[in-house]
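Novice: Sharing a structure below in structure tokens format, with a few things to ask.
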Amino acid sequence: MADYDFDVIVIGAGPGGYVAAIRAAQLGLKVACVESRATLGGTCLNVGCIPSKAMLHASEYFDAAANGAMAKMGVDVTPKLNLDAMHGQRRDAVKQLTGGIEMLFKKNKVTWLKGHAKFTGENTVEVEGESHTAKEIVIATGSSVTPLPGVEIDNDKGVVIDSTGALDLPAVPKKMVVIGGGVIGLELGSVWRRLGAEVTVVEFLDQLLPGMDADVRKEAAKIFKKQGMTLKLSTKVTGVEVKGKSAKVTVEPAAGGEAEVIEADCVLVSIGRRPNTEGLNLEAIGLETNERGQIEVDGQFRTKVKGVRAVGDVVPGPMLAHKAEDEGIAVAEWIAGQIGIVNHDLIPGVVYTMPEFAGVGLTEEAAKERGAIKVGKFPMLANSRAKTNHEPDGFVKVIADAETDEVLGVWCIASVAGTMIAQATQAMEFGALSEDIAYTCHAHPTHSEAIKEAAMAVRGKPIHM
Ligand code: FAD
Ligand code: NAI
């Protein structure tokens, strides 16, 4: 390996890249990771998963006090918002976690090459004017916000913003329009709705949360409406006009029809994310992206170019941190001569609102296309812990193959659905039948008992319904 500066250079220090770098170093390889941001951790730790969950958690406390949920339990309080403190605890969480990655890099002897990387030839990248070579280069450059044509995002001004701007608003908007009823729109829309904003979500499709099970999507619309959000489904935005500190958002039915203008002092653009490949100078190594701008890889995360692999948001698949992390581990293991496995059929997805929406495996619609199925459903209303906690919304749905009873998909709406879905994922990873889940002893009283009861319902026999 003496010909190269490093065994592996990873470009990007998000959950895909930093995990790949650490795992490769743990496996005895000489590793560098290039990151242009001032801190490690990528989108997830700096402006994604972590800060959004910090704001969701804090705003949930405020909402519970403001909407009478705490009073219902005998805790009478009138909340007073200290937004600076709320932002402060978010920044602290981010600082501690990004600093933690820096410590892990030091501990594992991963060299952080600070700056922007671009390919200058085979096995070579240039960072801040200096060339570095490696036998294997892993592209883990992540993704960034998809812009809406004709709509200019200006996070500093704070009127038309993206998710990064929505994490750091200096004041609660009076009226917020969220363009896109996906994960970001609902999570960050919820944060500001809880803190007092009137939130209108404009979604092009006829339901929220594309990709989730149809029952879950329908229930999501009911729940968010009940919480006070205005939903404009099957509606498209045709223009946003900004004047000073306010905006006029013109919308019309997706199928065409009469236009309507919604006034707002804040507009969040959350219509998806796109892979980051610009500026990498992929031409220098003859690597092309697909029609969606992604880098195609094989089962070992190899691109078409020898010695260049890719993981995370920049490759096809769900744009999720845990998917990127698992690919980061696997790519390092392949590079080190081991076998790295990621089961792309079982990547759980979670929306961290209250309640949370989570799922793994096939939707009912997709499972039906595959063959005959049995479905078991159990409402959270009948779960003793949810009932005790005053959390009536939601259900668990278990989808199994009609013939073999193999579990094909599990969908949960519950306050802790994101935690519950781990047991379903693990069971499915082990090839569980619905019967296996139904006959597994679940602690009482827990929300997870609803998964057991839904599995029992697959065979028509839940106890508490
Ligand atoms: P990234 O995390 O995007 O990291 C890529 C890094 O590469 C960046 O730091 C970038 O600066 C760097 N980089 C890019 N190009 C270069 C270059 N040429 N040279 C040097 N450095 C470069 N996912 C979840 O699973 N759960 C969640 O709760 C969740 N919440 C989210 C909330 C928000 C608001 C957003 C925006 C995203 C959220 N996501 C969540 C998605 C998650 O953040 C991404 O899936 C994940 O970060 C992808 O990891 P990655 O390593 O592929 O890329
Ligand atoms: P998304 O793909 O989840 O949702 C975008 C929504 O915008 C879709 O419902 C789409 O139909 C709609 N849309 C697209 N164009 C539109 C238009 N012109 N007008 C109205 N609606 C339009 O994308 P989002 O929410 O921006 O999130 C990006 C990525 O970040 C997602 O892929 C997600 O995986 C990841 N993420 C994950 C989180 C989690 O795991 N909890 C949290 C936040 C983000």
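Naming works like this for the structure tokens: A, B, ... for the chains as they're shown, residue 1 at the start of each chain, ligands 1 onward in shown order.
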Which residues, written as a PyMOL selection string, have at least one atom at most 7 Å from Ile22 (chain A), with only C-alpha atoms counted and residues fewer than 6 positions away on the same chain left out?
Specialist: chain A and resi 105+108+110
Novice: Could you name the residues that touch Gly376 (chain A) at 7 Å or less, counting only C-alpha atoms, but leaving out those on the same chain fewer than 6 positions away, as a VMD selection string?
Specialist: chain A and resid 397 to 399 454 to 455 457 to 458
Novice: Can you write out the residues you just picked, keeping N, CA and C atoms, as a PDB file, in the first residue's frame?
Specialist:
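Full text of selection-v8.pdb as output:
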```pdb
ATOM      1  N   LYS A 397     -50.421  -2.103  12.694  1.00  0.00           N
ATOM      2  CA  LYS A 397     -50.932  -2.954  11.625  1.00  0.00           C
ATOM      3  C   LYS A 397     -49.823  -3.938  11.257  1.00  0.00           C
ATOM      4  N   VAL A 398     -50.145  -5.218  11.296  1.00  0.00           N
ATOM      5  CA  VAL A 398     -49.174  -6.249  10.912  1.00  0.00           C
ATOM      6  C   VAL A 398     -49.688  -6.918   9.644  1.00  0.00           C
ATOM      7  N   ILE A 399     -48.834  -6.985   8.638  1.00  0.00           N
ATOM      8  CA  ILE A 399     -49.223  -7.587   7.351  1.00  0.00           C
ATOM      9  C   ILE A 399     -48.418  -8.882   7.182  1.00  0.00           C
ATOM     10  N   ALA A 454     -51.718  -6.861  17.527  1.00  0.00           N
ATOM     11  CA  ALA A 454     -51.959  -6.776  16.077  1.00  0.00           C
ATOM     12  C   ALA A 454     -51.544  -8.081  15.404  1.00  0.00           C
ATOM     13  N   ALA A 455     -50.453  -8.691  15.911  1.00  0.00           N
ATOM     14  CA  ALA A 455     -50.033  -9.988  15.361  1.00  0.00           C
ATOM     15  C   ALA A 455     -51.079 -11.053  15.677  1.00  0.00           C
ATOM     16  N   ALA A 457     -54.171 -10.400  15.977  1.00  0.00           N
ATOM     17  CA  ALA A 457     -55.315 -10.050  15.116  1.00  0.00           C
ATOM     18  C   ALA A 457     -55.157 -10.600  13.702  1.00  0.00           C
ATOM     19  N   VAL A 458     -53.917 -10.864  13.292  1.00  0.00           N
ATOM     20  CA  VAL A 458     -53.701 -11.463  11.964  1.00  0.00           C
ATOM     21  C   VAL A 458     -54.449 -12.783  11.897  1.00  0.00           C
TER      22      VAL A 458
END
```
Novice: List as a CSV table (one decimal) with N, CA and C atoms, in the first residue's frame the protein and nucleic acid residues lying within 9 Å of ligand 2, with only C-alpha atoms and all ligand atoms counted.
Specialist:
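Resulting contents of selection-v1.csv:
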```
chain,number,residue,atom,x,y,z
A,48,GLY,N,-29.9,18.4,10.7
A,48,GLY,CA,-31.0,17.4,10.3
A,48,GLY,C,-31.6,16.7,11.5
A,49,CYS,N,-31.3,15.4,11.6
A,49,CYS,CA,-31.9,14.5,12.6
A,49,CYS,C,-31.8,15.2,14.0
A,52,SER,N,-33.4,18.8,14.7
A,52,SER,CA,-34.9,18.7,14.5
A,52,SER,C,-35.5,18.0,15.7
A,53,LYS,N,-34.9,16.9,16.2
A,53,LYS,CA,-35.4,16.2,17.3
A,53,LYS,C,-35.3,17.0,18.6
A,143,SER,N,-26.8,14.9,0.7
A,143,SER,CA,-27.8,15.5,-0.2
A,143,SER,C,-28.1,16.9,0.3
A,144,SER,N,-28.8,17.7,-0.5
A,144,SER,CA,-29.2,19.0,0.0
A,144,SER,C,-30.6,19.3,-0.6
A,145,VAL,N,-31.2,20.4,-0.1
A,145,VAL,CA,-32.6,20.7,-0.4
A,145,VAL,C,-32.9,20.8,-1.9
A,146,THR,N,-34.0,20.2,-2.3
A,146,THR,CA,-34.4,20.4,-3.7
A,146,THR,C,-35.1,21.8,-3.8
A,148,LEU,N,-37.5,24.8,-5.3
A,148,LEU,CA,-38.7,24.9,-6.0
A,148,LEU,C,-38.5,26.0,-7.1
A,149,PRO,N,-38.6,25.6,-8.4
A,149,PRO,CA,-38.2,26.6,-9.4
A,149,PRO,C,-39.0,27.9,-9.3
A,162,ASP,N,-35.6,27.0,4.1
A,162,ASP,CA,-35.6,25.5,4.0
A,162,ASP,C,-35.5,25.0,5.4
A,163,SER,N,-35.2,23.7,5.5
A,163,SER,CA,-35.2,23.1,6.9
A,163,SER,C,-34.2,23.7,7.8
A,178,VAL,N,-46.2,25.6,4.7
A,178,VAL,CA,-45.2,24.5,4.4
A,178,VAL,C,-45.5,24.0,3.0
A,179,ILE,N,-44.5,24.1,2.2
A,179,ILE,CA,-44.7,23.5,0.8
A,179,ILE,C,-44.1,22.1,0.8
A,180,GLY,N,-45.0,21.1,0.8
A,180,GLY,CA,-44.6,19.7,0.8
A,180,GLY,C,-45.0,19.0,2.1
A,181,GLY,N,-45.9,18.1,2.1
A,181,GLY,CA,-46.4,17.4,3.3
A,181,GLY,C,-45.6,16.1,3.5
A,182,GLY,N,-44.3,16.1,3.4
A,182,GLY,CA,-43.5,14.9,3.7
A,182,GLY,C,-42.9,15.0,5.1
A,183,VAL,N,-41.8,14.3,5.3
A,183,VAL,CA,-41.3,14.2,6.7
A,183,VAL,C,-40.9,15.5,7.2
A,184,ILE,N,-40.1,16.3,6.5
A,184,ILE,CA,-39.6,17.6,7.0
A,184,ILE,C,-40.7,18.5,7.3
A,185,GLY,N,-41.6,18.7,6.3
A,185,GLY,CA,-42.8,19.6,6.4
A,185,GLY,C,-43.6,19.3,7.7
A,186,LEU,N,-43.8,18.0,8.0
A,186,LEU,CA,-44.7,17.7,9.1
A,186,LEU,C,-43.9,17.8,10.4
A,187,GLU,N,-42.6,17.4,10.4
A,187,GLU,CA,-41.9,17.5,11.7
A,187,GLU,C,-41.7,19.0,12.0
A,188,LEU,N,-41.1,19.8,11.1
A,188,LEU,CA,-40.8,21.2,11.4
A,188,LEU,C,-42.1,22.0,11.5
A,201,VAL,N,-50.3,23.3,5.4
A,201,VAL,CA,-49.4,22.4,4.6
A,201,VAL,C,-50.0,22.3,3.2
A,202,VAL,N,-49.2,22.6,2.2
A,202,VAL,CA,-49.7,22.4,0.8
A,202,VAL,C,-49.0,21.2,0.2
A,203,GLU,N,-49.7,20.2,-0.1
A,203,GLU,CA,-49.1,18.9,-0.6
A,203,GLU,C,-49.7,18.7,-2.0
A,204,PHE,N,-48.8,18.4,-2.9
A,204,PHE,CA,-49.2,18.1,-4.3
A,204,PHE,C,-50.0,16.8,-4.4
A,205,LEU,N,-49.7,15.8,-3.7
A,205,LEU,CA,-50.4,14.5,-3.8
A,205,LEU,C,-51.7,14.5,-3.0
A,206,ASP,N,-52.5,13.5,-3.1
A,206,ASP,CA,-53.8,13.5,-2.4
A,206,ASP,C,-53.7,13.1,-1.0
A,207,GLN,N,-52.5,12.7,-0.5
A,207,GLN,CA,-52.3,12.4,0.9
A,207,GLN,C,-50.9,12.8,1.3
A,208,LEU,N,-50.7,12.9,2.6
A,208,LEU,CA,-49.4,13.2,3.2
A,208,LEU,C,-48.4,12.0,3.1
A,209,LEU,N,-47.2,12.2,3.5
A,209,LEU,CA,-46.2,11.1,3.7
A,209,LEU,C,-46.2,10.0,2.6
A,210,PRO,N,-45.8,10.4,1.4
A,210,PRO,CA,-45.7,9.4,0.3
A,210,PRO,C,-44.7,8.3,0.7
A,211,GLY,N,-45.0,7.1,0.3
A,211,GLY,CA,-44.1,5.9,0.7
A,211,GLY,C,-44.7,5.2,1.8
A,233,LEU,N,-54.4,19.3,0.4
A,233,LEU,CA,-53.9,18.2,-0.4
A,233,LEU,C,-54.3,18.4,-1.8
A,234,SER,N,-53.7,17.6,-2.7
A,234,SER,CA,-53.9,17.7,-4.1
A,234,SER,C,-53.8,19.1,-4.6
A,235,THR,N,-52.8,19.9,-4.1
A,235,THR,CA,-52.7,21.3,-4.4
A,235,THR,C,-51.3,21.6,-4.7
A,236,LYS,N,-51.1,22.5,-5.7
A,236,LYS,CA,-49.7,22.8,-6.1
A,236,LYS,C,-49.5,24.3,-5.9
A,237,VAL,N,-48.2,24.7,-5.6
A,237,VAL,CA,-47.9,26.1,-5.4
A,237,VAL,C,-47.4,26.5,-6.8
A,238,THR,N,-48.0,27.7,-7.3
A,238,THR,CA,-47.6,28.1,-8.6
A,238,THR,C,-46.7,29.4,-8.5
A,251,VAL,N,-51.6,29.2,-4.8
A,251,VAL,CA,-51.8,27.8,-5.0
A,251,VAL,C,-53.0,27.5,-5.9
A,254,ALA,N,-54.0,20.6,-7.9
A,254,ALA,CA,-53.0,19.9,-8.7
A,254,ALA,C,-53.5,19.6,-10.1
A,269,VAL,N,-39.9,25.6,2.4
A,269,VAL,CA,-39.9,24.7,1.2
A,269,VAL,C,-39.3,23.4,1.6
A,270,SER,N,-40.1,22.4,1.5
A,270,SER,CA,-39.7,21.0,1.9
A,270,SER,C,-40.2,20.0,1.0
A,271,ILE,N,-39.7,20.1,-0.3
A,271,ILE,CA,-40.3,19.2,-1.3
A,271,ILE,C,-39.3,18.1,-1.7
A,272,GLY,N,-38.4,17.8,-0.8
A,272,GLY,CA,-37.5,16.7,-1.1
A,272,GLY,C,-36.0,17.1,-1.1
A,273,ARG,N,-35.1,16.2,-1.2
A,273,ARG,CA,-33.7,16.5,-1.2
A,273,ARG,C,-33.0,15.8,-2.4
A,274,ARG,N,-31.9,16.4,-2.9
A,274,ARG,CA,-31.2,15.8,-4.0
A,274,ARG,C,-29.7,15.5,-3.7
A,313,ASP,N,-27.0,9.2,1.2
A,313,ASP,CA,-28.0,9.9,0.4
A,313,ASP,C,-27.6,10.0,-1.0
A,318,PRO,N,-33.7,5.0,0.4
A,318,PRO,CA,-34.3,6.1,1.2
A,318,PRO,C,-33.1,7.0,1.8
A,319,MET,N,-33.4,8.3,1.9
A,319,MET,CA,-32.4,9.2,2.4
A,319,MET,C,-32.5,9.3,3.9
A,320,LEU,N,-32.0,8.3,4.6
A,320,LEU,CA,-32.1,8.2,6.0
A,320,LEU,C,-30.7,8.0,6.6
A,321,ALA,N,-30.6,8.5,7.8
A,321,ALA,CA,-29.3,8.4,8.5
A,321,ALA,C,-28.9,7.0,8.8
A,322,HIS,N,-29.8,6.2,9.3
A,322,HIS,CA,-29.5,4.8,9.7
A,322,HIS,C,-29.2,4.0,8.5
A,348,PRO,N,-36.3,0.7,8.4
A,348,PRO,CA,-37.4,1.4,9.0
A,348,PRO,C,-37.5,2.9,8.7
A,349,GLY,N,-38.7,3.4,8.7
A,349,GLY,CA,-38.8,4.8,8.5
A,349,GLY,C,-39.7,5.4,9.6
A,350,VAL,N,-39.3,6.5,10.2
A,350,VAL,CA,-40.0,7.1,11.3
A,350,VAL,C,-40.2,8.6,11.1
A,351,VAL,N,-41.4,9.1,11.4
A,351,VAL,CA,-41.7,10.5,11.4
A,351,VAL,C,-41.9,10.9,12.9
A,352,TYR,N,-41.0,11.8,13.4
A,352,TYR,CA,-40.9,12.0,14.9
A,352,TYR,C,-41.9,13.1,15.4
A,353,THR,N,-43.1,13.0,14.9
A,353,THR,CA,-44.1,14.0,15.5
A,353,THR,C,-44.8,13.3,16.7
```
Novice: Please list as an mmCIF file with N, CA and C atoms, in the first residue's frame every residue within 8 Å of Thr164 (chain A), counting only C-alpha atoms and excluding residues in the same chain fewer than 3 positions away.
Specialist:
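Saved as selection03.cif:
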```
data_model
loop_
_atom_site.group_PDB
_atom_site.id
_atom_site.type_symbol
_atom_site.label_atom_id
_atom_site.label_comp_id
_atom_site.auth_asym_id
_atom_site.auth_seq_id
_atom_site.Cartn_x
_atom_site.Cartn_y
_atom_site.Cartn_z
ATOM 1 N N VAL A 47 -27.633 19.862 10.897
ATOM 2 C CA VAL A 47 -28.864 20.578 10.500
ATOM 3 C C VAL A 47 -30.018 19.628 10.167
ATOM 4 N N GLY A 48 -29.947 18.382 10.665
ATOM 5 C CA GLY A 48 -30.969 17.409 10.294
ATOM 6 C C GLY A 48 -31.579 16.717 11.492
ATOM 7 N N ASN A 155 -32.521 31.946 4.026
ATOM 8 C CA ASN A 155 -32.655 31.627 5.454
ATOM 9 C C ASN A 155 -32.325 32.819 6.352
ATOM 10 N N ILE A 161 -37.840 29.875 3.576
ATOM 11 C CA ILE A 161 -36.737 29.156 4.206
ATOM 12 C C ILE A 161 -36.750 27.680 3.833
ATOM 13 N N LEU A 167 -35.041 25.488 11.492
ATOM 14 C CA LEU A 167 -34.539 25.040 12.802
ATOM 15 C C LEU A 167 -34.149 26.215 13.677
ATOM 16 N N ASP A 168 -33.963 27.381 13.053
ATOM 17 C CA ASP A 168 -33.288 28.469 13.753
ATOM 18 C C ASP A 168 -34.059 29.785 13.669
#
```
Novice: Could you write out, as a PyMOL selection string, all the residues of region 41-285 of chain A that DSSP marks as strand (DSSP E or B)?
Specialist: chain A and resi 111-114+117-121+124-127+130-139+143-145+160-161+175-179+198-202+230-232+235-243+246-253+260-264+266-269+273-275
Novice: Can you tell me, as a VMD selection string, what residues are no more than 10 Å from Val267 (chain A) when counting only C-alpha atoms, ignoring any on the same chain fewer than 3 positions away?
Specialist: chain A and resid 153 158 to 162 166 173 175 to 179 199 to 201 240 242 246 to 249 263 to 264 270
Novice: Export C-alpha atoms of the chosen residues as a PDB file, in the first residue's frame?
Specialist:
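Okay, this is what ended up in selection_13.pdb:
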```pdb
ATOM      1  CA  ILE A 153     -34.750  30.469  -0.373  1.00  0.00           C
ATOM      2  CA  GLY A 158     -36.359  34.170   7.282  1.00  0.00           C
ATOM      3  CA  VAL A 159     -39.370  34.591   4.988  1.00  0.00           C
ATOM      4  CA  VAL A 160     -38.808  31.787   2.456  1.00  0.00           C
ATOM      5  CA  ILE A 161     -36.737  29.156   4.206  1.00  0.00           C
ATOM      6  CA  ASP A 162     -35.586  25.546   3.987  1.00  0.00           C
ATOM      7  CA  ALA A 166     -36.744  26.410  10.031  1.00  0.00           C
ATOM      8  CA  PRO A 173     -44.109  33.042  12.763  1.00  0.00           C
ATOM      9  CA  LYS A 175     -48.664  32.259   9.654  1.00  0.00           C
ATOM     10  CA  MET A 176     -46.460  29.583   8.156  1.00  0.00           C
ATOM     11  CA  VAL A 177     -47.020  27.878   4.815  1.00  0.00           C
ATOM     12  CA  VAL A 178     -45.244  24.550   4.415  1.00  0.00           C
ATOM     13  CA  ILE A 179     -44.730  23.482   0.808  1.00  0.00           C
ATOM     14  CA  VAL A 199     -49.573  26.270   9.857  1.00  0.00           C
ATOM     15  CA  THR A 200     -50.913  25.441   6.391  1.00  0.00           C
ATOM     16  CA  VAL A 201     -49.387  22.444   4.606  1.00  0.00           C
ATOM     17  CA  VAL A 240     -44.366  32.819  -4.058  1.00  0.00           C
ATOM     18  CA  VAL A 242     -42.096  38.131  -1.180  1.00  0.00           C
ATOM     19  CA  SER A 246     -44.311  38.727   4.236  1.00  0.00           C
ATOM     20  CA  ALA A 247     -45.123  36.436   1.348  1.00  0.00           C
ATOM     21  CA  LYS A 248     -48.066  35.691  -0.892  1.00  0.00           C
ATOM     22  CA  VAL A 249     -48.231  32.021  -1.847  1.00  0.00           C
ATOM     23  CA  GLU A 263     -50.617  35.157   2.994  1.00  0.00           C
ATOM     24  CA  ALA A 264     -47.815  34.125   5.304  1.00  0.00           C
ATOM     25  CA  SER A 270     -39.664  21.004   1.939  1.00  0.00           C
TER      26      SER A 270
END
```
Novice: With DSSP run on the backbone, what are the helix (DSSP H, G or I) residues within region 113-355 of chain A? I'd like them as a compact mmCIF listing (two decimals) with N, CA and C atoms, in the first residue's frame.
Specialist:
```txt
# COMPACT_ATOMS: atom_id res chain seq x y z
N SER A 163 -35.21 23.68 5.52
CA SER A 163 -35.22 23.05 6.86
C SER A 163 -34.18 23.68 7.77
N THR A 164 -33.05 24.09 7.21
CA THR A 164 -32.00 24.69 8.04
C THR A 164 -32.49 26.00 8.65
N GLY A 165 -33.18 26.80 7.84
CA GLY A 165 -33.75 28.05 8.35
C GLY A 165 -34.84 27.78 9.37
N ALA A 166 -35.61 26.71 9.14
CA ALA A 166 -36.74 26.41 10.03
C ALA A 166 -36.29 25.91 11.40
N VAL A 183 -41.82 14.33 5.31
CA VAL A 183 -41.29 14.19 6.67
C VAL A 183 -40.85 15.54 7.25
N ILE A 184 -40.08 16.31 6.48
CA ILE A 184 -39.58 17.59 7.00
C ILE A 184 -40.73 18.54 7.26
N GLY A 185 -41.64 18.65 6.30
CA GLY A 185 -42.77 19.58 6.44
C GLY A 185 -43.59 19.29 7.69
N LEU A 186 -43.82 18.00 7.96
CA LEU A 186 -44.67 17.66 9.11
C LEU A 186 -43.91 17.78 10.43
N GLU A 187 -42.63 17.40 10.43
CA GLU A 187 -41.86 17.52 11.68
C GLU A 187 -41.66 19.00 12.03
N LEU A 188 -41.12 19.77 11.09
CA LEU A 188 -40.81 21.17 11.43
C LEU A 188 -42.07 22.03 11.45
N GLY A 189 -43.07 21.66 10.63
CA GLY A 189 -44.36 22.35 10.72
C GLY A 189 -44.96 22.14 12.11
N SER A 190 -44.80 20.92 12.65
CA SER A 190 -45.33 20.63 14.00
C SER A 190 -44.63 21.47 15.06
N VAL A 191 -43.31 21.60 14.92
CA VAL A 191 -42.56 22.40 15.91
C VAL A 191 -43.18 23.79 16.02
N TRP A 192 -43.38 24.47 14.88
CA TRP A 192 -43.84 25.87 14.92
C TRP A 192 -45.33 25.96 15.20
N ARG A 193 -46.09 24.94 14.82
CA ARG A 193 -47.52 24.91 15.18
C ARG A 193 -47.65 24.81 16.70
N ARG A 194 -46.83 23.95 17.31
CA ARG A 194 -46.88 23.79 18.77
C ARG A 194 -46.51 25.08 19.50
N ALA A 214 -51.12 3.22 3.04
CA ALA A 214 -52.25 4.12 2.77
C ALA A 214 -53.08 4.41 4.02
N ASP A 215 -53.29 3.39 4.87
CA ASP A 215 -54.05 3.61 6.13
C ASP A 215 -53.33 4.61 7.02
N VAL A 216 -52.01 4.49 7.06
CA VAL A 216 -51.20 5.38 7.90
C VAL A 216 -51.30 6.81 7.37
N ARG A 217 -51.25 6.95 6.06
CA ARG A 217 -51.30 8.29 5.45
C ARG A 217 -52.65 8.94 5.70
N LYS A 218 -53.71 8.14 5.61
CA LYS A 218 -55.06 8.67 5.84
C LYS A 218 -55.19 9.13 7.29
N GLU A 219 -54.69 8.30 8.20
CA GLU A 219 -54.78 8.61 9.63
C GLU A 219 -53.92 9.84 9.95
N ALA A 220 -52.79 9.97 9.26
CA ALA A 220 -51.91 11.12 9.49
C ALA A 220 -52.66 12.42 9.21
N ALA A 221 -53.40 12.43 8.10
CA ALA A 221 -54.14 13.65 7.74
C ALA A 221 -55.14 13.99 8.84
N LYS A 222 -55.84 12.97 9.36
CA LYS A 222 -56.83 13.20 10.42
C LYS A 222 -56.16 13.78 11.65
N ILE A 223 -55.04 13.18 12.03
CA ILE A 223 -54.36 13.58 13.27
C ILE A 223 -53.80 15.00 13.16
N PHE A 224 -53.14 15.31 12.04
CA PHE A 224 -52.56 16.65 11.93
C PHE A 224 -53.65 17.73 11.84
N LYS A 225 -54.78 17.37 11.21
CA LYS A 225 -55.90 18.33 11.16
C LYS A 225 -56.43 18.58 12.56
N LYS A 226 -56.59 17.48 13.31
CA LYS A 226 -57.10 17.58 14.68
C LYS A 226 -56.16 18.45 15.54
N LEU A 282 -16.53 14.80 -11.04
CA LEU A 282 -16.62 13.38 -11.38
C LEU A 282 -16.12 13.11 -12.80
N GLU A 283 -16.14 14.18 -13.63
CA GLU A 283 -15.67 14.02 -15.03
C GLU A 283 -14.22 13.54 -15.04
N ALA A 284 -13.45 13.97 -14.04
CA ALA A 284 -12.03 13.62 -14.02
C ALA A 284 -11.82 12.11 -13.94
N ILE A 285 -12.83 11.39 -13.41
CA ILE A 285 -12.67 9.93 -13.34
C ILE A 285 -13.69 9.21 -14.23
N GLY A 312 -24.82 6.21 1.28
CA GLY A 312 -25.65 7.26 1.91
C GLY A 312 -26.61 7.91 0.93
N ASP A 313 -26.96 9.16 1.22
CA ASP A 313 -27.97 9.89 0.43
C ASP A 313 -27.58 10.04 -1.04
N VAL A 314 -26.28 9.94 -1.34
CA VAL A 314 -25.83 10.17 -2.71
C VAL A 314 -26.10 8.96 -3.61
N ALA A 321 -30.57 8.51 7.85
CA ALA A 321 -29.27 8.43 8.51
C ALA A 321 -28.88 6.99 8.83
N HIS A 322 -29.85 6.20 9.31
CA HIS A 322 -29.50 4.82 9.70
C HIS A 322 -29.16 3.96 8.49
N LYS A 323 -29.78 4.27 7.35
CA LYS A 323 -29.43 3.56 6.11
C LYS A 323 -28.00 3.94 5.71
N ALA A 324 -27.68 5.24 5.81
CA ALA A 324 -26.33 5.70 5.47
C ALA A 324 -25.30 5.06 6.40
N GLU A 325 -25.62 5.01 7.70
CA GLU A 325 -24.68 4.42 8.67
C GLU A 325 -24.41 2.96 8.36
N ASP A 326 -25.48 2.21 8.11
CA ASP A 326 -25.30 0.77 7.85
C ASP A 326 -24.48 0.57 6.57
N GLU A 327 -24.72 1.42 5.58
CA GLU A 327 -23.92 1.32 4.35
C GLU A 327 -22.46 1.70 4.64
N GLY A 328 -22.27 2.65 5.54
CA GLY A 328 -20.91 3.06 5.92
C GLY A 328 -20.13 1.91 6.54
N ILE A 329 -20.79 1.17 7.42
CA ILE A 329 -20.13 0.00 8.04
C ILE A 329 -19.83 -1.04 6.96
N ALA A 330 -20.85 -1.32 6.13
CA ALA A 330 -20.70 -2.38 5.13
C ALA A 330 -19.61 -2.06 4.12
N VAL A 331 -19.54 -0.79 3.67
CA VAL A 331 -18.53 -0.47 2.64
C VAL A 331 -17.13 -0.65 3.22
N ALA A 332 -16.95 -0.28 4.49
CA ALA A 332 -15.63 -0.43 5.12
C ALA A 332 -15.27 -1.91 5.21
N GLU A 333 -16.27 -2.72 5.54
CA GLU A 333 -16.01 -4.16 5.67
C GLU A 333 -15.63 -4.78 4.32
N TRP A 334 -16.32 -4.36 3.26
CA TRP A 334 -15.96 -4.86 1.92
C TRP A 334 -14.53 -4.44 1.58
N ILE A 335 -14.20 -3.17 1.87
CA ILE A 335 -12.86 -2.67 1.52
C ILE A 335 -11.79 -3.48 2.29
N HIS A 344 -31.59 -3.94 2.45
CA HIS A 344 -32.31 -2.75 2.00
C HIS A 344 -33.83 -2.94 2.00
N ASP A 345 -34.30 -4.17 2.17
CA ASP A 345 -35.75 -4.40 2.24
C ASP A 345 -36.30 -4.07 3.62
N LEU A 346 -35.43 -3.95 4.59
CA LEU A 346 -35.90 -3.73 5.97
C LEU A 346 -35.25 -2.49 6.58
```
Novice: Find the residues near Ser59 (chain A): any atom within 7 Å, counting only C-alpha atoms, skip ones fewer than 3 places away on the same chain, and give them as a list in words.
Specialist: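 Answer for this query is Met55, Leu56, Phe62, Asp63, Val191, Arg194 and Leu195 of chain A.
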Novice: Which residues, written as a count of residues only, have at least one atom at most 7 Å from Glu35 (chain A), with only C-alpha atoms counted and residues fewer than 6 positions away on the same chain left out?
Specialist: 7
Novice: Any idea what's packed within 7 Å of Pro355 (chain A), counting only C-alpha atoms, ignoring anything in its chain fewer than 6 positions away? Could you give it as number ranges by chain?
Specialist: A: 413-415
Novice: Could you please determine the separation between atom 15 (N, counted along the ligand's line) of ligand 1 and CA of Asn46 (chain A) in Å, to one decimal place?
Specialist: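 Value for the atom 15 (N, counted along the ligand's line) of ligand 1-CA of Asn46 (chain A) distance: 14.2 Å.
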